[in-house]
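**Q** Take a look at my_file-v1.pdb, PDB, C-alpha atoms:
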ATOM      1  CA  MET W   1      25.774   4.128  -7.707
ATOM      2  CA  ASN W   2      22.611   3.289  -5.790
ATOM      3  CA  LYS W   3      19.518   5.074  -6.950
ATOM      4  CA  LYS W   4      16.745   5.476  -4.410
ATOM      5  CA  THR W   5      13.203   6.015  -5.553
ATOM      6  CA  THR W   6      10.779   7.902  -3.376
ATOM      7  CA  TYR W   7       7.069   8.380  -3.846
ATOM      8  CA  SER W   8       4.746  11.048  -2.594
ATOM      9  CA  ARG W   9       1.030  11.589  -2.809
ATOM     10  CA  ASP W  10      -0.620  14.795  -3.943
ATOM     11  CA  ARG W  11      -3.020  15.352  -1.053
ATOM     12  CA  SER W  12      -4.851  18.074  -2.981
ATOM     13  CA  LYS W  13      -6.298  15.307  -5.192
ATOM     14  CA  PRO W  14      -8.294  12.785  -3.149
ATOM     15  CA  PHE W  15      -7.956   9.103  -4.033
ATOM     16  CA  ASP W  16     -10.869   8.090  -6.271
ATOM     17  CA  ASP W  17     -11.936   4.533  -5.542
ATOM     18  CA  SER W  18     -15.437   4.870  -6.994
ATOM     19  CA  ASP W  19     -14.631   2.302  -9.694
ATOM     20  CA  ILE W  20     -13.610  -0.385  -7.181
ATOM     21  CA  ASP W  21     -16.196  -3.021  -6.265
ATOM     22  CA  TYR W  22     -15.325  -3.949  -2.688
ATOM     23  CA  SER W  23     -18.293  -6.325  -2.312
ATOM     24  CA  THR W  24     -16.321  -9.204  -3.866
ATOM     25  CA  ILE W  25     -13.424  -8.718  -1.466
ATOM     26  CA  ASP W  26     -15.769  -8.293   1.493
ATOM     27  CA  LYS W  27     -17.165 -11.784   0.829
ATOM     28  CA  MET W  28     -13.684 -13.384   0.821
ATOM     29  CA  THR W  29     -11.820 -14.777   3.816
ATOM     30  CA  ASP W  30      -8.311 -13.539   4.576
ATOM     31  CA  GLU W  31      -6.969 -16.820   3.237
ATOM     32  CA  GLU W  32      -8.848 -16.382  -0.057
ATOM     33  CA  VAL W  33      -7.552 -12.829  -0.439
ATOM     34  CA  HIS W  34      -3.994 -14.026   0.218
ATOM     35  CA  LYS W  35      -4.375 -16.882  -2.291
ATOM     36  CA  ALA W  36      -5.703 -14.477  -4.927
ATOM     37  CA  ALA W  37      -2.737 -12.170  -4.319
ATOM     38  CA  LEU W  38      -0.311 -15.051  -4.793
ATOM     39  CA  GLU W  39      -1.972 -15.874  -8.120
ATOM     40  CA  ASP W  40      -1.619 -12.271  -9.373
ATOM     41  CA  PRO W  41       1.930 -11.547 -10.577
ATOM     42  CA  ASP W  42       1.333  -7.792 -10.139
ATOM     43  CA  ALA W  43       0.216  -8.107  -6.510
ATOM     44  CA  GLN W  44       2.803 -10.346  -4.888
ATOM     45  CA  PRO W  45       3.123 -10.037  -1.104
ATOM     46  CA  GLN W  46       6.507  -8.864   0.140
ATOM     47  CA  THR W  47       8.915 -11.513   1.378
ATOM     48  CA  GLU W  48      10.321 -11.320   4.907
ATOM     49  CA  GLU W  49      13.682 -10.324   3.398
ATOM     50  CA  GLU W  50      12.061  -7.483   1.412
ATOM     51  CA  LEU W  51      10.150  -6.295   4.481
ATOM     52  CA  LYS W  52      13.412  -6.037   6.434
ATOM     53  CA  GLN W  53      14.655  -3.473   3.892
ATOM     54  CA  PHE W  54      11.819  -1.037   4.637
ATOM     55  CA  LYS W  55      12.544   1.824   6.993
ATOM     56  CA  PRO W  56       9.829   3.190   9.296
ATOM     57  CA  ILE W  57       8.740   6.766   8.831
ATOM     58  CA  ASN W  58       6.952   9.159  11.137
ATOM     59  CA  PRO W  59       4.711  11.355   9.009
ATOM     60  CA  LYS W  60       3.728  14.747  10.293
ATOM     61  CA  PRO W  61       0.158  14.781  11.619
ATOM     62  CA  GLU W  62      -2.164  16.682   9.298
ATOM     63  CA  GLY W  63      -3.067  20.136  10.519
ATOM     64  CA  ASN W  64       0.070  20.431  12.636
ATOM     65  CA  SER W  65       1.990  23.523  11.529
ATOM     66  CA  ASN W  66       4.532  23.259  14.338
ATOM     67  CA  GLY W  67       6.879  21.064  12.558
TER      68      GLY W  67
END
Starting from the file, lay out its structure as structure tokens.
**A**
Amino acid sequence: MNKKTTYSRDRSKPFDDSDIDYSTIDKMTDEEVHKAALEDPDAQPQTEEELKQFKPINPKPEGNSNG
């Protein structure tokens, strides 16, 4: 049996990023950010094979009650 996991976000609770210091990332080049991601086992970029498994979604626009 294949078990599919889905995730949803509770939009009534805004994302709190007040504890994130973006100034360090802002000073880094794209290459440095990518290298740092590769060095972090919890933040590995997706492989091309993994990306092929994703399915596109079309979220409903916010404020649209027609469907």
**Q** Which is closest to Pro45 in chain W among W:Val33, W:Lys4, W:Ile25, W:Ile20, if we use all atoms listed in the file?
**A**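 For Pro45 in chain W, the nearest of the given residues is W:Val33.
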**Q** What are the centre and the three edge lengths of an axis-aligned box that wraps all atoms of range 50-57 of chain W in the file, given that 5 Å is added to every side, written as lines of an AutoDock Vina configuration file and rounded to one decimal in Å?
**A**
center_x = 11.7
center_y = -0.4
center_z = 5.4
size_x = 15.9
size_y = 24.2
size_z = 17.9
**Q** In Å, rounded to a single decimal, give me how far CA of Glu49 in chain W is from CA of Ala37 in chain W.
**A** 18.2 Å
**Q** Quick check, in Å to one decimal: how far apart do CA of Gln53 in chain W and CA of Lys3 in chain W lie?
**A** 14.6 Å
**Q** For CA of Glu32 in chain W and CA of Ser18 in chain W, determine how far apart the two atoms are, in Å to one decimal place.
**A** 23.3 Å
**Q** Can you list, as an mmCIF file with C-alpha atoms, keeping the file's coordinate frame, every protein, DNA or RNA residue that comes within 12 Å of Gln44 in chain W when you count all atoms listed in the file, leaving out same-chain residues fewer than 6 positions away?
**A**
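The resulting file, result_9.cif, is reproduced below:
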data_model
loop_
_atom_site.group_PDB
_atom_site.id
_atom_site.type_symbol
_atom_site.label_atom_id
_atom_site.label_comp_id
_atom_site.auth_asym_id
_atom_site.auth_seq_id
_atom_site.Cartn_x
_atom_site.Cartn_y
_atom_site.Cartn_z
ATOM 1 C CA VAL W 33 -7.552 -12.829 -0.439
ATOM 2 C CA HIS W 34 -3.994 -14.026 0.218
ATOM 3 C CA LYS W 35 -4.375 -16.882 -2.291
ATOM 4 C CA ALA W 36 -5.703 -14.477 -4.927
ATOM 5 C CA ALA W 37 -2.737 -12.170 -4.319
ATOM 6 C CA LEU W 38 -0.311 -15.051 -4.793
ATOM 7 C CA GLU W 50 12.061 -7.483 1.412
#
**Q** From the structure just shown, export chain W with C-alpha atoms as a PDB file, in the first residue's frame.
**A**
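Full text of decode.pdb as output:
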ATOM      1  CA  MET W   1       0.000   0.000   0.000  1.00  0.00           C
ATOM      2  CA  ASN W   2       1.296   3.444  -0.917  1.00  0.00           C
ATOM      3  CA  LYS W   3       0.770   6.096   1.689  1.00  0.00           C
ATOM      4  CA  LYS W   4       0.664   9.672   0.464  1.00  0.00           C
ATOM      5  CA  THR W   5       1.428  12.498   2.824  1.00  0.00           C
ATOM      6  CA  THR W   6      -0.089  15.898   2.261  1.00  0.00           C
ATOM      7  CA  TYR W   7       0.639  19.131   4.058  1.00  0.00           C
ATOM      8  CA  SER W   8      -1.442  22.219   4.523  1.00  0.00           C
ATOM      9  CA  ARG W   9      -0.825  25.571   6.113  1.00  0.00           C
ATOM     10  CA  ASP W  10      -3.101  27.206   8.649  1.00  0.00           C
ATOM     11  CA  ARG W  11      -3.534  30.617   7.036  1.00  0.00           C
ATOM     12  CA  SER W  12      -5.139  32.006  10.193  1.00  0.00           C
ATOM     13  CA  LYS W  13      -1.671  31.903  11.805  1.00  0.00           C
ATOM     14  CA  PRO W  14       0.832  34.032   9.877  1.00  0.00           C
ATOM     15  CA  PHE W  15       4.358  32.680   9.433  1.00  0.00           C
ATOM     16  CA  ASP W  16       6.619  34.212  12.090  1.00  0.00           C
ATOM     17  CA  ASP W  17      10.096  34.789  10.710  1.00  0.00           C
ATOM     18  CA  SER W  18      11.102  37.417  13.272  1.00  0.00           C
ATOM     19  CA  ASP W  19      13.834  35.133  14.633  1.00  0.00           C
ATOM     20  CA  ILE W  20      15.518  34.710  11.232  1.00  0.00           C
ATOM     21  CA  ASP W  21      18.536  36.898  10.471  1.00  0.00           C
ATOM     22  CA  TYR W  22      18.396  37.365   6.706  1.00  0.00           C
ATOM     23  CA  SER W  23      21.396  39.731   6.632  1.00  0.00           C
ATOM     24  CA  THR W  24      23.840  36.797   6.488  1.00  0.00           C
ATOM     25  CA  ILE W  25      22.041  35.244   3.532  1.00  0.00           C
ATOM     26  CA  ASP W  26      21.701  38.609   1.798  1.00  0.00           C
ATOM     27  CA  LYS W  27      25.505  38.937   1.791  1.00  0.00           C
ATOM     28  CA  MET W  28      25.991  35.508   0.156  1.00  0.00           C
ATOM     29  CA  THR W  29      26.121  34.764  -3.561  1.00  0.00           C
ATOM     30  CA  ASP W  30      23.788  32.150  -5.027  1.00  0.00           C
ATOM     31  CA  GLU W  31      26.744  29.793  -5.276  1.00  0.00           C
ATOM     32  CA  GLU W  32      27.573  30.250  -1.579  1.00  0.00           C
ATOM     33  CA  VAL W  33      23.961  29.606  -0.586  1.00  0.00           C
ATOM     34  CA  HIS W  34      23.908  26.448  -2.719  1.00  0.00           C
ATOM     35  CA  LYS W  35      27.214  25.251  -1.221  1.00  0.00           C
ATOM     36  CA  ALA W  36      25.908  25.848   2.306  1.00  0.00           C
ATOM     37  CA  ALA W  37      22.767  23.864   1.480  1.00  0.00           C
ATOM     38  CA  LEU W  38      24.853  20.953   0.221  1.00  0.00           C
ATOM     39  CA  GLU W  39      26.804  20.963   3.492  1.00  0.00           C
ATOM     40  CA  ASP W  40      23.601  20.829   5.591  1.00  0.00           C
ATOM     41  CA  PRO W  41      22.150  17.300   5.708  1.00  0.00           C
ATOM     42  CA  ASP W  42      18.725  18.720   6.658  1.00  0.00           C
ATOM     43  CA  ALA W  43      18.579  21.108   3.692  1.00  0.00           C
ATOM     44  CA  GLN W  44      19.578  19.009   0.704  1.00  0.00           C
ATOM     45  CA  PRO W  45      18.400  20.287  -2.687  1.00  0.00           C
ATOM     46  CA  GLN W  46      16.062  17.966  -4.564  1.00  0.00           C
ATOM     47  CA  THR W  47      17.577  15.797  -7.275  1.00  0.00           C
ATOM     48  CA  GLU W  48      16.246  15.976 -10.834  1.00  0.00           C
ATOM     49  CA  GLU W  49      14.660  12.547 -10.299  1.00  0.00           C
ATOM     50  CA  GLU W  50      12.895  13.747  -7.123  1.00  0.00           C
ATOM     51  CA  LEU W  51      11.694  16.910  -8.867  1.00  0.00           C
ATOM     52  CA  LYS W  52      10.096  14.808 -11.615  1.00  0.00           C
ATOM     53  CA  GLN W  53       7.877  13.164  -8.978  1.00  0.00           C
ATOM     54  CA  PHE W  54       6.268  16.467  -7.960  1.00  0.00           C
ATOM     55  CA  LYS W  55       2.891  17.294  -9.433  1.00  0.00           C
ATOM     56  CA  PRO W  56       1.918  20.907 -10.173  1.00  0.00           C
ATOM     57  CA  ILE W  57      -1.007  22.374  -8.307  1.00  0.00           C
ATOM     58  CA  ASN W  58      -3.208  25.350  -9.044  1.00  0.00           C
ATOM     59  CA  PRO W  59      -4.162  26.929  -5.732  1.00  0.00           C
ATOM     60  CA  LYS W  60      -7.314  28.963  -5.519  1.00  0.00           C
ATOM     61  CA  PRO W  61      -6.590  32.702  -5.508  1.00  0.00           C
ATOM     62  CA  GLU W  62      -7.203  34.222  -2.086  1.00  0.00           C
ATOM     63  CA  GLY W  63     -10.423  36.170  -1.825  1.00  0.00           C
ATOM     64  CA  ASN W  64     -12.053  34.253  -4.667  1.00  0.00           C
ATOM     65  CA  SER W  65     -15.264  32.673  -3.374  1.00  0.00           C
ATOM     66  CA  ASN W  66     -16.346  31.460  -6.806  1.00  0.00           C
ATOM     67  CA  GLY W  67     -14.602  28.230  -6.665  1.00  0.00           C
TER      68      GLY W  67
END
